[in-house]
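Visitor: Sending over model22.csv (CSV, C-alpha atoms).
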chain,number,residue,atom,x,y,z
A,1,MET,CA,-17.4,13.3,-24.6
A,2,SER,CA,-14.5,15.2,-26.1
A,3,GLY,CA,-10.9,14.3,-25.4
A,4,LYS,CA,-11.5,10.9,-23.9
A,5,ARG,CA,-9.0,8.3,-25.1
A,6,ILE,CA,-10.2,4.9,-26.2
A,7,LEU,CA,-8.0,1.9,-27.0
A,8,VAL,CA,-9.5,-0.6,-29.5
A,9,ILE,CA,-7.9,-4.0,-29.3
A,10,GLU,CA,-9.2,-5.9,-32.3
A,11,ASP,CA,-7.5,-8.3,-34.8
A,12,ASP,CA,-10.1,-7.7,-37.5
A,13,LEU,CA,-8.4,-4.8,-39.3
A,14,ARG,CA,-11.5,-3.7,-41.1
A,15,LEU,CA,-13.6,-3.6,-37.9
A,16,SER,CA,-10.9,-1.9,-35.9
A,17,ARG,CA,-10.6,0.9,-38.5
A,18,THR,CA,-14.4,1.3,-38.6
A,19,LEU,CA,-14.5,1.6,-34.8
A,20,ARG,CA,-11.7,4.1,-34.8
A,21,ASN,CA,-13.6,6.3,-37.4
A,22,VAL,CA,-16.8,6.1,-35.3
A,23,LEU,CA,-15.0,7.2,-32.2
A,24,LEU,CA,-13.1,10.1,-34.0
A,25,THR,CA,-16.4,11.3,-35.5
A,26,ASN,CA,-17.9,11.5,-32.0
A,27,ASP,CA,-15.0,13.6,-30.6
A,28,PHE,CA,-13.1,10.7,-28.9
A,29,GLU,CA,-9.4,10.1,-29.4
A,30,ALA,CA,-8.7,6.6,-30.5
A,31,GLU,CA,-5.8,4.2,-30.8
A,32,ILE,CA,-5.8,0.7,-32.4
A,33,ALA,CA,-4.0,-2.5,-31.4
A,34,ASN,CA,-4.4,-5.5,-33.8
A,35,SER,CA,-3.4,-8.2,-31.3
A,36,GLY,CA,-3.6,-9.0,-27.6
A,37,ALA,CA,0.1,-8.5,-27.0
A,38,GLU,CA,0.0,-5.1,-28.8
A,39,GLY,CA,-3.0,-4.2,-26.8
A,40,ILE,CA,-1.3,-4.8,-23.5
A,41,GLN,CA,1.7,-2.8,-24.5
A,42,LYS,CA,-0.5,0.2,-25.7
A,43,ALA,CA,-2.6,0.1,-22.6
A,44,TYR,CA,0.6,1.1,-20.7
A,45,GLU,CA,1.9,3.5,-23.3
A,46,TYR,CA,-1.4,5.2,-24.4
A,47,ALA,CA,-3.0,5.4,-20.9
A,48,PRO,CA,-6.6,5.2,-22.3
A,49,ASP,CA,-9.7,6.2,-20.5
A,50,LEU,CA,-11.5,3.1,-21.7
A,51,ILE,CA,-10.6,-0.1,-23.5
A,52,LEU,CA,-12.7,-1.9,-26.2
A,53,CYS,CA,-11.4,-5.4,-26.7
A,54,ASP,CA,-12.4,-8.4,-28.9
A,55,ILE,CA,-12.4,-11.8,-27.2
A,56,LYS,CA,-11.6,-14.2,-30.0
A,57,MET,CA,-7.9,-13.4,-30.8
A,58,SER,CA,-4.8,-15.5,-30.8
A,59,PRO,CA,-2.4,-16.3,-29.4
A,60,ILE,CA,-3.5,-14.0,-26.6
A,61,ASP,CA,-7.3,-13.7,-26.4
A,62,GLY,CA,-9.4,-11.0,-24.8
A,63,TYR,CA,-9.8,-12.8,-21.5
A,64,GLN,CA,-6.0,-13.0,-21.1
A,65,VAL,CA,-5.6,-9.3,-22.0
A,66,TYR,CA,-8.2,-8.4,-19.3
A,67,ASN,CA,-6.6,-10.6,-16.6
A,68,ILE,CA,-3.1,-9.2,-17.3
A,69,LEU,CA,-4.2,-5.6,-17.2
A,70,ARG,CA,-6.2,-6.2,-14.1
A,71,ASP,CA,-3.1,-7.5,-12.3
A,72,SER,CA,-1.3,-4.1,-12.8
A,73,SER,CA,-1.9,-1.2,-10.5
A,74,ILE,CA,-1.3,1.1,-13.5
A,75,THR,CA,-4.1,-0.4,-15.7
A,76,ASN,CA,-6.5,-2.2,-13.4
A,77,ARG,CA,-8.9,0.8,-13.0
A,78,ILE,CA,-9.5,1.4,-16.7
A,79,PRO,CA,-13.1,0.7,-17.8
A,80,PHE,CA,-13.1,-2.4,-20.0
A,81,ILE,CA,-15.7,-3.5,-22.5
A,82,PHE,CA,-15.6,-6.8,-24.4
A,83,ILE,CA,-16.7,-6.9,-28.1
A,84,THR,CA,-17.4,-10.3,-29.5
A,85,GLY,CA,-19.4,-12.2,-32.0
A,86,LYS,CA,-20.2,-14.8,-29.3
A,87,SER,CA,-23.8,-14.5,-28.2
A,88,ASP,CA,-23.7,-17.6,-26.0
A,89,LEU,CA,-25.0,-16.8,-22.5
A,90,GLU,CA,-22.3,-18.8,-20.8
A,91,ASP,CA,-19.6,-16.7,-22.5
A,92,ILE,CA,-21.2,-13.5,-21.5
A,93,ARG,CA,-21.5,-14.7,-17.9
A,94,PHE,CA,-17.9,-15.7,-17.9
A,95,GLY,CA,-16.8,-12.3,-19.0
A,96,LEU,CA,-19.0,-10.6,-16.4
A,97,ASP,CA,-17.7,-12.9,-13.6
A,98,LEU,CA,-14.2,-11.8,-14.4
A,99,GLY,CA,-15.3,-8.3,-13.5
A,100,VAL,CA,-15.5,-6.7,-17.0
A,101,ASP,CA,-17.5,-3.5,-17.1
A,102,ASP,CA,-19.7,-4.4,-20.1
A,103,TYR,CA,-20.2,-6.9,-22.9
A,104,ILE,CA,-21.3,-5.9,-26.5
A,105,VAL,CA,-22.3,-8.6,-28.9
A,106,LYS,CA,-21.7,-8.2,-32.6
A,107,PRO,CA,-23.5,-7.1,-34.7
A,108,PHE,CA,-24.3,-3.9,-32.9
A,109,ASN,CA,-25.2,-0.4,-34.0
A,110,ASN,CA,-23.0,2.6,-33.4
A,111,GLU,CA,-25.6,4.3,-31.1
A,112,ASP,CA,-25.5,1.3,-28.7
A,113,LEU,CA,-21.7,1.2,-28.7
A,114,LEU,CA,-21.4,5.0,-27.9
A,115,LYS,CA,-24.1,4.8,-25.2
A,116,SER,CA,-22.3,1.9,-23.5
A,117,ILE,CA,-19.0,3.8,-23.7
A,118,GLN,CA,-20.5,7.0,-22.3
A,119,VAL,CA,-22.2,5.1,-19.4
A,120,ARG,CA,-19.0,3.5,-18.3
A,121,LEU,CA,-17.0,6.7,-18.6
A,122,ASP,CA,-19.6,8.6,-16.6
A,123,LYS,CA,-19.7,6.0,-13.9
A,124,TYR,CA,-15.9,5.8,-13.7
A,125,GLU,CA,-15.6,9.6,-13.6
A,126,LYS,CA,-18.1,9.8,-10.8
A,127,LEU,CA,-16.2,7.2,-8.7
A,128,VAL,CA,-13.0,9.0,-9.4
A,129,ASN,CA,-14.4,12.4,-8.3
A,130,ILE,CA,-15.7,10.8,-5.1
A,131,GLY,CA,-12.3,9.3,-4.5
A,132,LYS,CA,-10.6,12.6,-5.2
A,133,ASN,CA,-12.8,14.5,-2.7
A,134,ASP,CA,-12.1,12.0,0.0
A,135,TYR,CA,-8.4,11.9,-0.9
A,136,LYS,CA,-8.0,15.7,-0.8
A,137,ALA,CA,-9.7,15.9,2.6
A,138,LEU,CA,-7.5,13.1,3.9
A,139,VAL,CA,-4.4,14.6,2.4
A,140,GLU,CA,-5.0,18.1,3.9
A,141,LEU,CA,-5.7,16.6,7.4
A,142,SER,CA,-2.6,14.3,7.3
A,143,PRO,CA,0.3,15.3,9.5
A,144,SER,CA,2.6,13.6,6.9
A,145,GLY,CA,3.9,15.5,3.9
A,146,ILE,CA,2.1,14.1,0.8
A,147,PHE,CA,3.1,15.0,-2.8
A,148,LEU,CA,2.2,13.9,-6.3
A,149,PHE,CA,5.2,13.7,-8.8
A,150,ASP,CA,6.4,11.9,-11.9
A,151,GLY,CA,9.8,11.0,-10.4
A,152,GLU,CA,11.1,14.5,-10.9
A,153,THR,CA,8.5,17.3,-11.3
A,154,ILE,CA,6.1,17.9,-8.4
A,155,TYR,CA,2.5,18.6,-9.4
A,156,GLU,CA,0.7,18.9,-6.0
A,157,ALA,CA,1.6,18.8,-2.3
A,158,ASN,CA,-0.3,19.3,1.0
A,159,LYS,CA,0.4,21.9,3.7
A,160,ALA,CA,2.3,19.4,5.8
A,161,PHE,CA,4.8,18.9,3.0
A,162,SER,CA,5.3,22.7,2.8
A,163,LEU,CA,5.9,22.9,6.5
A,164,MET,CA,8.4,20.0,6.5
A,165,THR,CA,10.5,21.3,3.5
A,166,GLY,CA,10.1,25.1,4.2
A,167,ILE,CA,8.9,25.5,0.6
A,168,ASP,CA,6.0,28.0,0.1
A,169,GLN,CA,2.9,26.2,-1.4
A,170,ASN,CA,2.9,28.6,-4.3
A,171,GLU,CA,6.4,27.6,-5.2
A,172,ILE,CA,6.0,23.8,-4.9
A,173,THR,CA,5.2,23.2,-8.6
A,174,LYS,CA,8.4,25.1,-9.5
A,175,ILE,CA,10.7,22.6,-7.8
A,176,SER,CA,11.7,19.0,-8.5
A,177,PHE,CA,12.1,16.0,-6.1
A,178,LYS,CA,15.9,16.5,-6.2
A,179,ASP,CA,15.5,20.0,-4.8
A,180,PHE,CA,14.3,19.1,-1.3
A,181,VAL,CA,16.5,16.0,-0.5
A,182,ASP,CA,20.2,16.0,0.0
A,183,GLU,CA,22.5,14.4,-2.6
A,184,ASP,CA,23.1,11.2,-0.8
A,185,SER,CA,19.4,10.6,-0.3
A,186,PHE,CA,18.6,11.3,-3.9
A,187,ASN,CA,21.3,8.9,-5.1
A,188,LYS,CA,19.9,6.2,-2.7
A,189,VAL,CA,16.3,6.4,-4.0
A,190,GLN,CA,16.8,7.5,-7.6
A,191,GLY,CA,16.9,3.9,-8.9
A,192,LYS,CA,13.8,2.8,-7.0
A,193,ILE,CA,11.9,5.8,-8.2
A,194,GLN,CA,12.8,4.9,-11.8
A,195,LYS,CA,11.6,1.4,-11.3
A,196,CYS,CA,8.3,2.7,-10.0
A,197,THR,CA,7.8,4.9,-13.1
A,198,ASN,CA,8.7,2.0,-15.4
A,199,GLY,CA,6.2,-0.3,-13.6
A,200,LEU,CA,8.9,-2.6,-12.2
A,201,LEU,CA,8.3,-1.7,-8.6
A,202,LYS,CA,4.9,-0.9,-6.9
A,203,SER,CA,6.2,0.9,-3.8
A,204,PHE,CA,9.1,1.3,-1.4
A,205,GLY,CA,10.2,3.0,1.8
A,206,GLU,CA,13.5,4.6,2.5
A,207,ASP,CA,15.2,7.0,5.0
A,208,VAL,CA,16.0,10.3,3.5
A,209,ASN,CA,17.4,13.7,4.6
A,210,ILE,CA,15.2,16.7,3.9
A,211,LYS,CA,17.1,20.0,3.4
A,212,GLY,CA,14.4,22.0,5.2
A,213,VAL,CA,14.6,25.6,6.2
A,214,GLU,CA,18.0,27.4,6.1
A,215,GLY,CA,19.8,24.4,4.8
A,216,LYS,CA,19.2,22.3,8.0
A,217,HIS,CA,18.9,18.6,7.3
A,218,SER,CA,16.4,16.4,9.1
A,219,LEU,CA,15.8,12.6,8.8
A,220,HIS,CA,12.5,11.5,7.4
A,221,LYS,CA,10.9,8.3,6.2
A,222,LEU,CA,10.0,8.5,2.5
A,223,TYR,CA,7.3,6.2,1.1
A,224,VAL,CA,6.6,6.1,-2.6
A,225,THR,CA,3.9,4.2,-4.5
A,226,THR,CA,2.6,4.3,-8.0
A,227,SER,CA,-0.7,6.3,-8.5
A,228,GLN,CA,-1.9,6.4,-12.1
A,229,MET,CA,-1.0,7.0,-15.8
A,230,HIS,CA,-1.4,10.6,-17.0
A,231,LYS,CA,-0.6,11.5,-20.6
A,232,GLY,CA,1.8,8.6,-20.9
A,233,LEU,CA,3.5,9.3,-17.6
A,234,THR,CA,3.3,7.2,-14.4
A,235,LEU,CA,2.5,9.5,-11.5
A,236,LEU,CA,3.8,8.6,-8.1
A,237,ILE,CA,2.5,9.5,-4.6
A,238,GLY,CA,5.2,10.4,-2.1
A,239,LEU,CA,4.7,10.5,1.7
A,240,LEU,CA,7.2,12.1,4.1
A,241,ALA,CA,7.0,11.3,7.9
A,242,PRO,CA,9.5,12.6,10.5
A,243,GLU,CA,11.6,9.9,12.1
A,244,ASP,CA,9.9,10.2,15.5
A,245,GLN,CA,6.5,9.9,13.9
A,246,TYR,CA,7.1,6.7,12.0
A,247,LYS,CA,8.9,5.1,14.9
A,248,LYS,CA,5.8,5.9,17.1
A,249,THR,CA,3.6,4.3,14.4
A,250,ASP,CA,5.8,1.1,14.4
A,251,ARG,CA,5.4,0.8,18.2
A,252,VAL,CA,1.6,1.3,18.0
A,253,GLU,CA,1.4,-1.4,15.3
A,254,TYR,CA,3.7,-3.7,17.4
A,255,GLU,CA,1.4,-3.4,20.4
A,256,LYS,CA,-1.7,-4.1,18.3
A,257,LEU,CA,-0.1,-7.3,17.0
A,258,ILE,CA,0.9,-8.7,20.4
A,259,ASN,CA,-2.5,-7.9,21.7
A,260,ILE,CA,-4.0,-9.9,18.9
A,261,LEU,CA,-1.6,-12.8,19.7
A,262,ALA,CA,-2.8,-12.7,23.3
A,263,GLU,CA,-6.5,-12.8,22.2
A,264,GLU,CA,-5.7,-15.8,20.1
A,265,LYS,CA,-3.9,-17.4,23.0
A,266,ILE,CA,-0.6,-17.7,21.1
A,267,ASP,CA,2.3,-18.0,23.5
A,268,ILE,CA,5.0,-15.4,22.9
A,269,SER,CA,8.4,-17.0,23.5
A,270,GLY,CA,11.6,-15.0,23.9
A,271,ASN,CA,12.6,-15.8,20.3
A,272,LEU,CA,9.2,-14.7,18.9
A,273,ALA,CA,9.3,-11.5,20.9
A,274,SER,CA,12.8,-10.7,19.6
A,275,LYS,CA,11.7,-11.3,16.0
A,276,LEU,CA,8.7,-9.0,16.4
A,277,LYS,CA,10.7,-6.2,17.9
A,278,LYS,CA,13.2,-6.5,15.1
A,279,VAL,CA,10.5,-6.4,12.4
A,280,PHE,CA,8.8,-3.4,13.9
A,281,ASN,CA,12.1,-1.6,14.7
A,282,ILE,CA,11.2,-1.4,18.4
A,283,THR,CA,14.0,-0.2,20.6
A,284,PRO,CA,13.9,0.1,24.4
A,285,SER,CA,12.9,3.6,25.5
A,286,LYS,CA,15.4,5.5,27.6
A,287,LYS,CA,14.6,5.3,31.3
A,288,SER,CA,16.6,6.4,34.2
A,289,ALA,CA,18.1,3.6,36.4
A,290,ASN,CA,15.8,4.7,39.2
A,291,GLU,CA,12.6,4.5,37.0
A,292,LYS,CA,13.6,1.0,35.8
A,293,SER,CA,14.3,-0.3,39.3
A,294,ILE,CA,11.0,0.9,40.6
A,295,SER,CA,9.2,-0.9,37.7
A,296,VAL,CA,11.0,-4.2,38.2
A,297,ASP,CA,10.4,-4.1,42.0
A,298,ILE,CA,6.8,-4.9,41.5
A,299,PHE,CA,7.9,-8.5,41.1
A,300,SER,CA,9.9,-10.5,43.6
A,301,LYS,CA,13.2,-12.1,42.5
A,302,ARG,CA,11.6,-15.5,42.2
A,303,GLU,CA,8.7,-14.1,40.2
A,304,GLN,CA,11.2,-12.4,37.8
A,305,GLU,CA,12.9,-15.8,37.3
A,306,VAL,CA,9.6,-17.5,36.6
A,307,LEU,CA,8.6,-14.8,34.2
A,308,GLN,CA,11.9,-14.9,32.4
A,309,LEU,CA,11.6,-18.7,31.8
A,310,SER,CA,7.9,-18.3,30.8
A,311,CYS,CA,9.0,-15.9,28.1
A,312,GLN,CA,11.1,-18.7,26.7
A,313,GLY,CA,7.9,-20.7,26.2
A,314,LEU,CA,8.9,-23.3,28.8
A,315,PRO,CA,6.1,-25.4,30.5
A,316,ILE,CA,5.5,-25.3,34.3
A,317,LYS,CA,7.3,-28.6,34.9
A,318,ILE,CA,10.5,-27.6,33.2
A,319,ILE,CA,10.5,-24.2,35.0
A,320,ALA,CA,10.1,-26.0,38.3
A,321,ASP,CA,13.0,-28.3,37.5
A,322,GLN,CA,15.3,-25.5,36.5
A,323,LEU,CA,14.5,-23.4,39.6
A,324,CYS,CA,14.5,-26.5,41.9
A,325,ILE,CA,11.0,-25.7,43.2
A,326,SER,CA,7.7,-27.6,42.9
A,327,ASP,CA,5.2,-27.3,40.1
A,328,ARG,CA,2.7,-25.9,42.6
A,329,THR,CA,5.1,-23.1,43.6
A,330,VAL,CA,5.6,-22.2,40.0
A,331,GLU,CA,1.8,-22.0,39.6
A,332,LYS,CA,1.6,-19.7,42.7
A,333,HIS,CA,4.2,-17.4,41.3
A,334,ARG,CA,2.5,-17.2,37.9
A,335,ALA,CA,-0.8,-16.5,39.7
A,336,SER,CA,0.9,-13.7,41.6
A,337,LEU,CA,2.3,-12.2,38.4
A,338,MET,CA,-1.2,-12.2,36.9
A,339,GLU,CA,-2.7,-10.5,40.0
A,340,LYS,CA,0.0,-7.8,40.1
A,341,THR,CA,-0.3,-7.0,36.4
A,342,GLY,CA,-4.1,-7.3,36.1
A,343,SER,CA,-3.7,-10.1,33.5
A,344,LYS,CA,-6.0,-13.0,32.8
A,345,ASN,CA,-3.3,-15.4,31.8
A,346,ILE,CA,0.5,-15.7,31.5
A,347,VAL,CA,0.6,-14.5,27.9
A,348,GLU,CA,-0.9,-11.2,29.0
A,349,VAL,CA,1.7,-11.0,31.8
A,350,ILE,CA,4.5,-11.5,29.2
A,351,ILE,CA,3.0,-8.7,27.0
A,352,TYR,CA,2.8,-6.4,30.0
A,353,ALA,CA,6.4,-7.1,30.9
A,354,LEU,CA,7.5,-6.6,27.3
A,355,LYS,CA,5.6,-3.3,26.9
A,356,ASN,CA,7.1,-1.9,30.1
A,357,GLU,CA,10.5,-3.4,29.5
A,358,LEU,CA,10.6,-5.2,32.9
A,359,ILE,CA,12.4,-8.2,31.4
A,360,GLU,CA,15.2,-8.6,28.9
A,361,ILE,CA,14.8,-11.0,26.0
Written as structure tokens, how would this file's structure read?

Guide:
Amino acid sequence: MSGKRILVIEDDLRLSRTLRNVLLTNDFEAEIANSGAEGIQKAYEYAPDLILCDIKMSPIDGYQVYNILRDSSITNRIPFIFITGKSDLEDIRFGLDLGVDDYIVKPFNNEDLLKSIQVRLDKYEKLVNIGKNDYKALVELSPSGIFLFDGETIYEANKAFSLMTGIDQNEITKISFKDFVDEDSFNKVQGKIQKCTNGLLKSFGEDVNIKGVEGKHSLHKLYVTTSQMHKGLTLLIGLLAPEDQYKKTDRVEYEKLINILAEEKIDISGNLASKLKKVFNITPSKKSANEKSISVDIFSKREQEVLQLSCQGLPIKIIADQLCISDRTVEKHRASLMEKTGSKNIVEVIIYALKNELIEI
């Protein structure tokens, strides 16, 4: 039990001191907050392993404290036990429905309190260890460089990070974040990193230049997100992906999305396609003029015209009027487009054409 930090949020000064003495006697570290507002502040500053909180406080009661802390990625995993004089079943149910870990009704004996605390700490530690094992396996297998840092000092990093930066794994904990990015990149992200460590920003992504081996710079995408509090510090997780890797990921996600739209029979107009490409940073792949002409040649000139207008979301009748042909002829061209592309409907034809860059939006 030794070394675990418990935060007691209780406006009864006598009871809070008694609880603190009980905890200290049983090898816990303990901190007291005598109001809900002070408790919320100390939950961030003290980074406790568990919180004991009275319900009947004002102006901020225990339920409000719990809800505020659960809304923060920094404090939402801390085991939380309500202590209250209320023994009404409905109040207990309300607390449990919120998701609180346990509920102790006064008066209680010290043995019951310590047992409840230890059960919750053991359960949380078990879940954390399971998560850590899965996390470590995932991190080591990841092709992206992943590192744990506090905004400056790096505490851990995977093999991919070492390969990207050219820094030996045995030397990683001796460097800081500033050491492996160029000055412009550091100045660009420094403010955002500071906001993450202060709890003002949950995550961000930014392009950075990695110094790499022999001073050579290479463009990477840096993603940073808050991880957990440790001894009063907010630890951050950083992820580095080479430029070509994250662009490839964007294209994969883009294609997944337009396939979903097709399944839901949502018509993809030219305007919508342009917006999607912009959001996912999709740029046309470089093809030779010969390659592109061969691809386009699978459609006749009239079929290309029908497809282009269909991409704009126009109905058959308007397409027919614009091309000065009959509705039936438009239908025949659309049927031919579906046959040539192996599509079940015109939406799938449009997706096929967008993927293979056979039309311009």

Visitor: Need to verify the contact set: Arg77 (chain A), 12 Å, all atoms listed in the file, exclusion of same-chain residues closer than 3 positions in sequence. Can you return it as an MDAnalysis selection string?

Guide: chainID A and resid 43 47:51 66 69:74 80 99:101 120:121 124:125 127:128 227:229

Visitor: At a cut-off of 9 Å, using only C-alpha atoms, what residues contact Pro59 (chain A)? Leave out same-chain residues fewer than 2 positions from it and give the result as a PyMOL selection string.

Guide: chain A and resi 35-37+57+61

Visitor: Which neighbours of region 148-150 of chain A fall inside 6 Å, counting only C-alpha atoms, when residues of the same chain fewer than 5 positions from it are skipped, and could you give them as a list in words?

Guide: Tyr155, Glu156, Leu235, Leu236 and Ile237 of chain A

Visitor: Select, from A:Glu348, A:Glu140, A:Asp321, A:Asp207, the residue with the minimum atom-to-atom distance to Ala335 (chain A), counting only C-alpha atoms.

Guide: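 Residue with the minimum atom-to-atom distance to Ala335 (chain A): A:Glu348.
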
Visitor: Which is closest to Val22 (chain A) among A:Leu239, A:Ser218, A:Tyr223, A:Leu114, if we use all atoms listed in the file?

Guide: A:Leu114

Visitor: Tell me, in Å to one decimal, how far CA of Gly199 (chain A) is from CA of His220 (chain A).

Guide: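 CA of His220 (chain A) lies at a distance of 24.9 Å from CA of Gly199 (chain A).
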
Visitor: Interatomic distance between CA of Glu206 (chain A) and CA of Gln190 (chain A)?

Guide: 11.0 Å

Visitor: Quick one: distance from CA of Val224 (chain A) to CA of Thr173 (chain A) in Å, one decimal?

Guide: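 A separation of 18.2 Å between them.
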
Visitor: Go through A:Lys211, A:Ile92, A:Glu171, A:Thr226 one by one, measure the shortest atom-to-atom distance of each to Cys196 (chain A) using all atoms listed in the file, and give the residue with the smallest value.

Guide: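 With all atoms listed in the file as the atom set, the closest residue is A:Thr226.
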
Visitor: Just the residues within 9 Å of Gly145 (chain A), please, counting all atoms listed in the file, with nothing from its chain fewer than 2 positions along; format it as an mmCIF file with C-alpha atoms, keeping the file's coordinate frame.

Guide:
data_model
loop_
_atom_site.group_PDB
_atom_site.id
_atom_site.type_symbol
_atom_site.label_atom_id
_atom_site.label_comp_id
_atom_site.auth_asym_id
_atom_site.auth_seq_id
_atom_site.Cartn_x
_atom_site.Cartn_y
_atom_site.Cartn_z
ATOM 1 C CA VAL A 139 -4.400 14.600 2.400
ATOM 2 C CA SER A 142 -2.600 14.300 7.300
ATOM 3 C CA PRO A 143 0.300 15.300 9.500
ATOM 4 C CA PHE A 147 3.100 15.000 -2.800
ATOM 5 C CA ALA A 157 1.600 18.800 -2.300
ATOM 6 C CA ASN A 158 -0.300 19.300 1.000
ATOM 7 C CA LYS A 159 0.400 21.900 3.700
ATOM 8 C CA ALA A 160 2.300 19.400 5.800
ATOM 9 C CA PHE A 161 4.800 18.900 3.000
ATOM 10 C CA SER A 162 5.300 22.700 2.800
ATOM 11 C CA LEU A 163 5.900 22.900 6.500
ATOM 12 C CA MET A 164 8.400 20.000 6.500
ATOM 13 C CA THR A 165 10.500 21.300 3.500
ATOM 14 C CA GLY A 238 5.200 10.400 -2.100
ATOM 15 C CA LEU A 239 4.700 10.500 1.700
ATOM 16 C CA LEU A 240 7.200 12.100 4.100
ATOM 17 C CA ALA A 241 7.000 11.300 7.900
#

Visitor: Find the residues around Arg302 (chain A) up to 10 Å (all atoms listed in the file counted), leave out those fewer than 6 positions away in its own chain, and share them as a list in words.

Guide: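 Here the qualifying residues turn out to be Gln308, Leu323, Val330 and His333 of chain A.
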
Visitor: For Lys42 (chain A), which residue out of A:Val65, A:Leu24, A:Ile81, A:Met338 is the nearest one, using all atoms listed in the file?

Guide: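 Going through A:Val65, A:Leu24, A:Ile81, A:Met338 one by one, the smallest distance to Lys42 (chain A) is for A:Val65.
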